[in-house]
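> The structure that follows is given in the form of structure tokens.
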Amino acid sequence: MDQFDSFIGFARLILLALVPYVLASQGTMLSGRTGVFNVAQEGIMLLGASVGFLVALYTKSLLIGIVAAAVAGGIIGLALAYFSSTLKMDQFVIGLALFFIGLGASSLAFKLVVGVTLQLPRVPTLSNLRIPLLGDIPILGEILFNQNALVYFSVLISIALYYYLYQTSWGLELRAVGENPKSADSLGVNVVLMQYATTIIGSALIGVAGAYLPMVYTGVFTQGITQGRGWLAIALTFFGGWRPQLILLGAFFFAIVEVLSLRAQIVGSAIPYQFLRTLPYITTIFVMIYAFRWTRVPAFLGLNYDREKRSLS
Amino acid sequence: MKQTFISIGNTLIPYLVAITASFLAAGLFIGMMGFDVLKAYETILLSSFRSPGAFAQTLVKFVPLLLQALAFTIPLAAGKFNIGGEGQLIVGAIGAAGVGIVFANLPIYLLLPLVIIAGVVFGALWAAFPAWLLYRFGINEILTTVLLNFVSFSLIDYIATEIWRDPAAGHPTTVPIGAGGELPLLMERTNLHAGFIIAVLIAVLVYIYTNHTSAGYELIATGANARASRAYGINVRSLFLLSLILGGGVAGLSGAIEVAGVHHRLIEGLQSNFLLLGLIIGLIAKGNHFGVPFVAFFIAVLEIGASSMQRTMSIPGEMVFIVEALILLFILLSDLVRKK
């Protein structure tokens, strides 16, 4: 409760809530920039949450759990890349099928390993990592530099992705694949390799975003733990115009709405908590009205490139 | 005649291959976990046919699955994805329960139609919002329909805990609707209700609409090639709007039937996983409205088998959900083989 009342506590919560949105959305953006539109986020996040939780429970190491969640996400990413990049299947339909598989597998794995118990097993939540020196700055240090490792990771990965995409020639090639794969191909860029790499890494990030939920928020895995964050991440990716730096900024909006809705539910108000809970979804729908107007989507998003075909699309 | 047999065979063979492959994959896994594979197969496939009661139970399950699949495939015919059938079901159920509770004293010939119509109208209205956003602003319908599902979860929680709460129930549940709002039973000593007839009727109507009317032809033409259809003079945007609202109406109907036929009240969680199964059914049937009811029945059989397997063999029912997703995946792959 007092976490909400102080400015520092409030700012810290926003950074805490930022992470799953940033990771899932950057993962979506990364494969989207090579034309692979991933819509399996919700399933990948659930799988990451379940696998990450179970592995952490049995190895007693959150780090190994996070790595396992990334691997589980990467495997779904590999499947998505194979079906879309190699087999040229409808990306949206394949994404839905992988969403179903991730959802089913997450729940199946949990039931097979844990079984039906009254006492849900718990993992310890991720502890804070105070950065030396920077963490000692008054107020700012407490807000920015005394967080769990994944908070730093999600900000650093956003900066790294920005640098990679816009400041390196590899990044230029990657973006070219999503805009015009035929010219990228004719310039010697390995389109298929780019799509595989971005889809696997992107899905691994989404898997970690899922593992974050039990490891930071709850300590337990429950079936609906993602609460639509995977779908919200897709909306955030459009909101951020498929650019890593704007996605990071846009994620603040999503995190603020989430924390405010939570705060209002706890503090209590004249508005029933059920309606406050809908705040993230409703604001997202209204945000989309504006986001879809100005967003420039990668030109080849959702389409499959076939070098044997004469015309694109 | 021979030709039709060949074409039916060509359609069915990939399905048989897909089902066999999915079962083999699941069997391998079930075997590795140390369960009796053959007994699991038998339980999944045959539980529905062991007694009249089990068969009636399968048909009761078939009703929402069929309607949820249609709520997805009607807009799909126009090339639009309605992933909001869950929310439309819930809001339809709220409308139906609301009418059934407020006008509880009306006789059956008035109350029952009102309850059903309220479900349809509420479901259609819930779909009309994303449909309008698509029509007016060009907002992609996939995300808006999905996000509204989460809004509906809060709505039903509010209604069932604050408005018409049944204080005797531990779980969020409303008081029962009037007896006149209940769908009559079709078979003695089972829970098969008249909603089954409504659902089958709707499936037939949808099939006639999309496959045998000019309006339905415009819908399918739009789905096949929206740009060409627009050039030909079809009002493509209005068709998107219409198809999504129709889908919402059908999903709302499934909610009304769950209230009027199964629970006789509003219960939080009554949507089960009907949306996901409906999507799987619609995609396995490839949006073909002749095939949807058959696939829906097959999935209903698997689902009844899944709960029986979970009960008698302690194999989690999610195993069967994965089998269903694998069938879909193999069906999609078989298309690829045939194209080559």
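Note on naming: chains are A, B, ... as they come in the structure tokens, residues start from 1 per chain, ligands start from 1 in the order shown.
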Which residues of chain A have any atom within 10 Å of an atom in chain B when counting only C-alpha atoms, and what is the closest pair of atoms for each, with the distance in Å to one decimal? Order the rows by chain and rising number and write it as CSV.

residue,atom,partner,partner_atom,distance
A:Phe83,CA,B:Leu333,CA,8.7
A:Leu87,CA,B:Leu336,CA,7.8
A:Lys88,CA,B:Leu336,CA,8.8
A:Met89,CA,B:Leu336,CA,7.8
A:Asp90,CA,B:Leu332,CA,9.0
A:Phe92,CA,B:Phe81,CA,9.8
A:Val93,CA,B:Leu283,CA,7.9
A:Ile94,CA,B:Leu329,CA,7.5
A:Leu96,CA,B:Leu279,CA,8.8
A:Ala97,CA,B:Ala325,CA,6.1
A:Leu98,CA,B:Ala325,CA,8.0
A:Phe99,CA,B:Ala325,CA,9.2
A:Phe100,CA,B:Ala325,CA,6.2
A:Ile101,CA,B:Ile322,CA,5.8
A:Gly102,CA,B:Ile322,CA,8.8
A:Leu103,CA,B:Ile322,CA,8.8
A:Gly104,CA,B:Glu318,CA,5.5
A:Ala105,CA,B:Ile322,CA,7.1
A:Ser106,CA,B:Glu318,CA,9.2
A:Ser107,CA,B:Glu318,CA,6.9
A:Leu108,CA,B:Glu318,CA,5.5
A:Ala109,CA,B:Glu318,CA,9.3
A:Phe110,CA,B:Pro316,CA,9.9
A:Lys111,CA,B:Pro316,CA,6.7
A:Leu112,CA,B:Pro316,CA,7.3
A:Gly115,CA,B:Pro316,CA,9.1
A:Val116,CA,B:Ser314,CA,9.9
A:Gln227,CA,B:Phe150,CA,7.7
A:Gly228,CA,B:Phe150,CA,7.3
A:Arg229,CA,B:Leu147,CA,9.8
A:Trp231,CA,B:Leu143,CA,6.8
A:Leu232,CA,B:Leu147,CA,7.9
A:Ile234,CA,B:Leu143,CA,8.0
A:Ala235,CA,B:Leu143,CA,7.2
A:Pro272,CA,B:Tyr158,CA,7.9
A:Tyr273,CA,B:Tyr158,CA,8.7
A:Gln274,CA,B:Ser154,CA,5.0
A:Phe275,CA,B:Ser154,CA,6.5
A:Leu276,CA,B:Ser154,CA,9.0
A:Arg277,CA,B:Ser154,CA,7.0
A:Thr278,CA,B:Val151,CA,5.2
A:Leu279,CA,B:Val151,CA,8.5
A:Pro280,CA,B:Leu147,CA,9.2
A:Tyr281,CA,B:Leu147,CA,5.6
A:Ile282,CA,B:Val151,CA,7.6
A:Thr284,CA,B:Leu147,CA,8.3
A:Ile285,CA,B:Thr144,CA,6.1
A:Phe286,CA,B:Thr144,CA,9.5
A:Met288,CA,B:Ile139,CA,7.1
A:Ile289,CA,B:Ile139,CA,6.4
A:Tyr290,CA,B:Phe137,CA,9.1
A:Ala291,CA,B:Ile139,CA,9.2
A:Phe292,CA,B:Ile139,CA,6.6
A:Arg293,CA,B:Phe137,CA,8.3
> Give me the residues within 10 Å of stretch 221-235 of chain B as a list in words, counting only C-alpha atoms and dropping any in the same chain fewer than 3 places off.
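Using only C-alpha atoms, the neighbours found are Pro75, Leu76, Ala77, Ala78, Gly79, Lys80, Ala215, Gly216, Tyr217, Glu218, Ser238, Leu239 and Phe240 of chain B.
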> Would you mind exporting the chosen residues as a short mmCIF file (atom, residue, chain, number, x, y, z; two decimals), in the first residue's frame, restricted to N, CA, C and O atoms?

data_model
loop_
_atom_site.label_atom_id
_atom_site.label_comp_id
_atom_site.auth_asym_id
_atom_site.auth_seq_id
_atom_site.Cartn_x
_atom_site.Cartn_y
_atom_site.Cartn_z
N PRO B 75 -17.42 -14.00 -40.48
CA PRO B 75 -16.55 -12.89 -40.90
C PRO B 75 -15.35 -13.39 -41.72
O PRO B 75 -14.87 -12.68 -42.60
N LEU B 76 -14.89 -14.60 -41.41
CA LEU B 76 -13.74 -15.14 -42.14
C LEU B 76 -14.04 -15.24 -43.63
O LEU B 76 -13.15 -15.05 -44.47
N ALA B 77 -15.31 -15.55 -43.96
CA ALA B 77 -15.69 -15.62 -45.38
C ALA B 77 -15.40 -14.30 -46.07
O ALA B 77 -15.04 -14.27 -47.25
N ALA B 78 -15.54 -13.18 -45.34
CA ALA B 78 -15.25 -11.87 -45.91
C ALA B 78 -13.79 -11.48 -45.69
O ALA B 78 -13.40 -10.36 -46.00
N GLY B 79 -13.00 -12.38 -45.12
CA GLY B 79 -11.59 -12.09 -44.91
C GLY B 79 -11.29 -11.38 -43.60
O GLY B 79 -10.22 -10.83 -43.42
N LYS B 80 -12.26 -11.37 -42.69
CA LYS B 80 -12.05 -10.68 -41.40
C LYS B 80 -11.97 -11.72 -40.27
O LYS B 80 -12.67 -12.72 -40.29
N ALA B 215 -26.06 -12.60 -52.01
CA ALA B 215 -25.46 -11.80 -50.93
C ALA B 215 -24.27 -12.53 -50.32
O ALA B 215 -23.22 -11.94 -50.05
N GLY B 216 -24.44 -13.85 -50.13
CA GLY B 216 -23.35 -14.64 -49.59
C GLY B 216 -22.19 -14.74 -50.57
O GLY B 216 -21.03 -14.78 -50.18
N TYR B 217 -22.54 -14.74 -51.85
CA TYR B 217 -21.48 -14.80 -52.86
C TYR B 217 -20.62 -13.53 -52.80
O TYR B 217 -19.40 -13.59 -52.93
N GLU B 218 -21.30 -12.39 -52.60
CA GLU B 218 -20.54 -11.14 -52.47
C GLU B 218 -19.58 -11.21 -51.28
O GLU B 218 -18.45 -10.72 -51.34
N SER B 238 -18.91 -2.11 -45.93
CA SER B 238 -20.18 -2.46 -45.29
C SER B 238 -20.27 -3.96 -45.05
O SER B 238 -20.83 -4.40 -44.04
N LEU B 239 -19.71 -4.74 -45.97
CA LEU B 239 -19.75 -6.20 -45.79
C LEU B 239 -18.89 -6.63 -44.61
O LEU B 239 -19.27 -7.54 -43.87
N PHE B 240 -17.74 -5.97 -44.44
CA PHE B 240 -16.92 -6.26 -43.26
C PHE B 240 -17.73 -6.02 -41.99
O PHE B 240 -17.78 -6.85 -41.09
#
> Have a look at B:Ala160, B:Leu192, B:Ala54, B:Val115 and name the one nearest to B:Gly178; count only C-alpha atoms.
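Smallest separation from B:Gly178 among the options: B:Val115.
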> I'd like the contact shell of stretch 72-76 of chain A - 6 Å cut-off, only C-alpha atoms, skipping same-chain residues fewer than 2 positions apart - returned as a ChimeraX atom specification.
/A:44,69-70,78-79,200,203-204,207
> Which residues, written as a ChimeraX atom specification, have at least one atom at most 7 Å from stretch 8-20 of chain B, with only C-alpha atoms counted and residues fewer than 4 positions away on the same chain left out?
/B:4,24,327,330-331,334
> Those selected residues, please, written with N, CA, C and O atoms and delivered as an mmCIF file, in the first residue's frame.

data_model
loop_
_atom_site.group_PDB
_atom_site.id
_atom_site.type_symbol
_atom_site.label_atom_id
_atom_site.label_comp_id
_atom_site.auth_asym_id
_atom_site.auth_seq_id
_atom_site.Cartn_x
_atom_site.Cartn_y
_atom_site.Cartn_z
ATOM 1 N N THR B 4 -17.663 -37.479 -57.875
ATOM 2 C CA THR B 4 -17.947 -36.959 -56.536
ATOM 3 C C THR B 4 -17.250 -37.799 -55.476
ATOM 4 O O THR B 4 -16.723 -37.273 -54.506
ATOM 5 N N LEU B 24 -0.889 -40.309 -33.163
ATOM 6 C CA LEU B 24 0.379 -41.016 -32.971
ATOM 7 C C LEU B 24 1.329 -40.181 -32.120
ATOM 8 O O LEU B 24 1.952 -40.685 -31.180
ATOM 9 N N ILE B 327 -3.854 -31.411 -35.106
ATOM 10 C CA ILE B 327 -4.675 -31.749 -36.279
ATOM 11 C C ILE B 327 -4.745 -30.531 -37.201
ATOM 12 O O ILE B 327 -4.546 -30.634 -38.412
ATOM 13 N N PHE B 330 -1.439 -30.088 -39.012
ATOM 14 C CA PHE B 330 -1.237 -31.066 -40.091
ATOM 15 C C PHE B 330 -2.157 -30.782 -41.278
ATOM 16 O O PHE B 330 -1.773 -30.989 -42.432
ATOM 17 N N ILE B 331 -3.372 -30.303 -40.983
ATOM 18 C CA ILE B 331 -4.285 -29.950 -42.073
ATOM 19 C C ILE B 331 -3.688 -28.802 -42.888
ATOM 20 O O ILE B 331 -3.701 -28.812 -44.133
ATOM 21 N N SER B 334 -1.039 -30.163 -45.020
ATOM 22 C CA SER B 334 -1.486 -30.997 -46.137
ATOM 23 C C SER B 334 -1.863 -30.138 -47.344
ATOM 24 O O SER B 334 -1.693 -30.543 -48.487
#
> Could you go through stretch 21-262 of chain B and tell me which residues DSSP, when run on the backbone, assigns to helix (DSSP H, G or I), listing them as a ChimeraX atom specification?
/B:21-32,37-49,52-77,85-102,108-137,141-163,179-181,195-212,214-224,226-231,236-262
> Residues of stretch 225-305 of chain B that have any atom at most 10 Å from an atom of stretch 71-74 of chain B: could you tabulate them with the shortest-distance atom pair and the distance in Å to one decimal, using only C-alpha atoms, ordered by chain and increasing number, as CSV?

residue,atom,partner,partner_atom,distance
B:Leu242,CA,B:Ile74,CA,9.7
B:Ser243,CA,B:Ile74,CA,6.1
B:Leu244,CA,B:Ile74,CA,7.5
B:Ile245,CA,B:Ala71,CA,9.2
B:Leu246,CA,B:Ile74,CA,7.3
B:Gly247,CA,B:Ala71,CA,3.9
B:Gly248,CA,B:Ala71,CA,6.2
B:Gly249,CA,B:Ala71,CA,7.7
B:Val250,CA,B:Ala71,CA,5.5
B:Ala251,CA,B:Ala71,CA,5.4
B:Gly252,CA,B:Ala71,CA,8.9
B:Leu253,CA,B:Ala71,CA,9.7
B:Ser254,CA,B:Ala71,CA,9.3
B:Leu275,CA,B:Phe72,CA,8.8
B:Gly278,CA,B:Phe72,CA,7.2
B:Leu279,CA,B:Phe72,CA,6.4
B:Ile280,CA,B:Phe72,CA,9.8
B:Ile281,CA,B:Thr73,CA,9.3
B:Gly282,CA,B:Thr73,CA,5.8
B:Leu283,CA,B:Thr73,CA,8.2
B:Ala285,CA,B:Thr73,CA,9.3
B:Lys286,CA,B:Thr73,CA,8.5
B:Gly287,CA,B:Thr73,CA,5.3
B:Asn288,CA,B:Thr73,CA,8.0
B:His289,CA,B:Thr73,CA,7.8
B:Val292,CA,B:Thr73,CA,8.7
> For the residues in that selection, give me C-alpha atoms as a PDB file, in the first residue's frame.

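To be explicit, this is the file written out as selection-v1.pdb:
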ATOM      1  CA  LEU B 242     -22.121  -6.762 -41.515  1.00  0.00           C
ATOM      2  CA  SER B 243     -20.106  -9.989 -41.303  1.00  0.00           C
ATOM      3  CA  LEU B 244     -18.583  -9.063 -37.943  1.00  0.00           C
ATOM      4  CA  ILE B 245     -21.957  -8.077 -36.494  1.00  0.00           C
ATOM      5  CA  LEU B 246     -23.526 -11.309 -37.767  1.00  0.00           C
ATOM      6  CA  GLY B 247     -20.674 -13.258 -36.185  1.00  0.00           C
ATOM      7  CA  GLY B 248     -21.239 -11.389 -32.921  1.00  0.00           C
ATOM      8  CA  GLY B 249     -24.937 -12.207 -33.048  1.00  0.00           C
ATOM      9  CA  VAL B 250     -24.231 -15.911 -33.452  1.00  0.00           C
ATOM     10  CA  ALA B 251     -21.692 -15.818 -30.602  1.00  0.00           C
ATOM     11  CA  GLY B 252     -24.253 -13.970 -28.461  1.00  0.00           C
ATOM     12  CA  LEU B 253     -26.751 -16.690 -29.290  1.00  0.00           C
ATOM     13  CA  SER B 254     -24.326 -19.291 -27.957  1.00  0.00           C
ATOM     14  CA  LEU B 275     -13.633 -19.592 -28.260  1.00  0.00           C
ATOM     15  CA  GLY B 278     -14.338 -22.614 -32.158  1.00  0.00           C
ATOM     16  CA  LEU B 279     -11.286 -21.067 -33.818  1.00  0.00           C
ATOM     17  CA  ILE B 280      -9.696 -24.506 -34.177  1.00  0.00           C
ATOM     18  CA  ILE B 281     -12.915 -25.914 -35.666  1.00  0.00           C
ATOM     19  CA  GLY B 282     -13.285 -23.039 -38.129  1.00  0.00           C
ATOM     20  CA  LEU B 283      -9.673 -23.324 -39.246  1.00  0.00           C
ATOM     21  CA  ALA B 285     -12.862 -26.839 -41.667  1.00  0.00           C
ATOM     22  CA  LYS B 286     -11.020 -24.119 -43.631  1.00  0.00           C
ATOM     23  CA  GLY B 287     -14.061 -21.896 -43.263  1.00  0.00           C
ATOM     24  CA  ASN B 288     -16.203 -24.294 -45.312  1.00  0.00           C
ATOM     25  CA  HIS B 289     -19.730 -23.993 -43.938  1.00  0.00           C
ATOM     26  CA  VAL B 292     -18.010 -26.812 -39.894  1.00  0.00           C
TER      27      VAL B 292
END
> What does the distance between atom CA of B:His193 and atom CA of B:Gln88 come to in Å, to one decimal place?
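Result for atom CA of B:His193 versus atom CA of B:Gln88: 21.5 Å, one decimal.
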> Atom CA of A:Gln119 and atom CA of A:Ala68 are how many Å apart?
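About the pair atom CA of A:Gln119 and atom CA of A:Ala68: they are 24.2 Å apart.
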> Mind the document's chain letters and residue numbers, and return as a PyMOL selection string the residues of stretch 42-166 of chain A that DSSP labels strand (DSSP E).
chain A and resi 128-130+146-148
> Have a look at atom CA of A:Gly178 and atom CA of A:Trp294 and let me know their distance in Å, one decimal.
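Going from atom CA of A:Gly178 over to atom CA of A:Trp294, I get 18.4 Å.
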> Write out as a VMD selection string the residues lying within 10 Å of stretch 296-311 of chain A, counting only C-alpha atoms and excluding same-chain residues fewer than 3 positions away.
chain A and resid 29 31 to 39 84 to 92 175 to 182 185 to 186 191 to 192 237 to 238 240 to 243 291 to 293
> With only C-alpha atoms as the counted atoms, please give the residues lying no more than 10 Å from B:Ala203, apart from itself and same-chain residues fewer than 5 positions off, as a list in words.
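My reading of the contact set: Leu66, Leu67, Ala69, Leu70, Ile197, Ile198, Ile208, Tyr209, Val250, His289, Phe290, Val292 and Pro293 of chain B.
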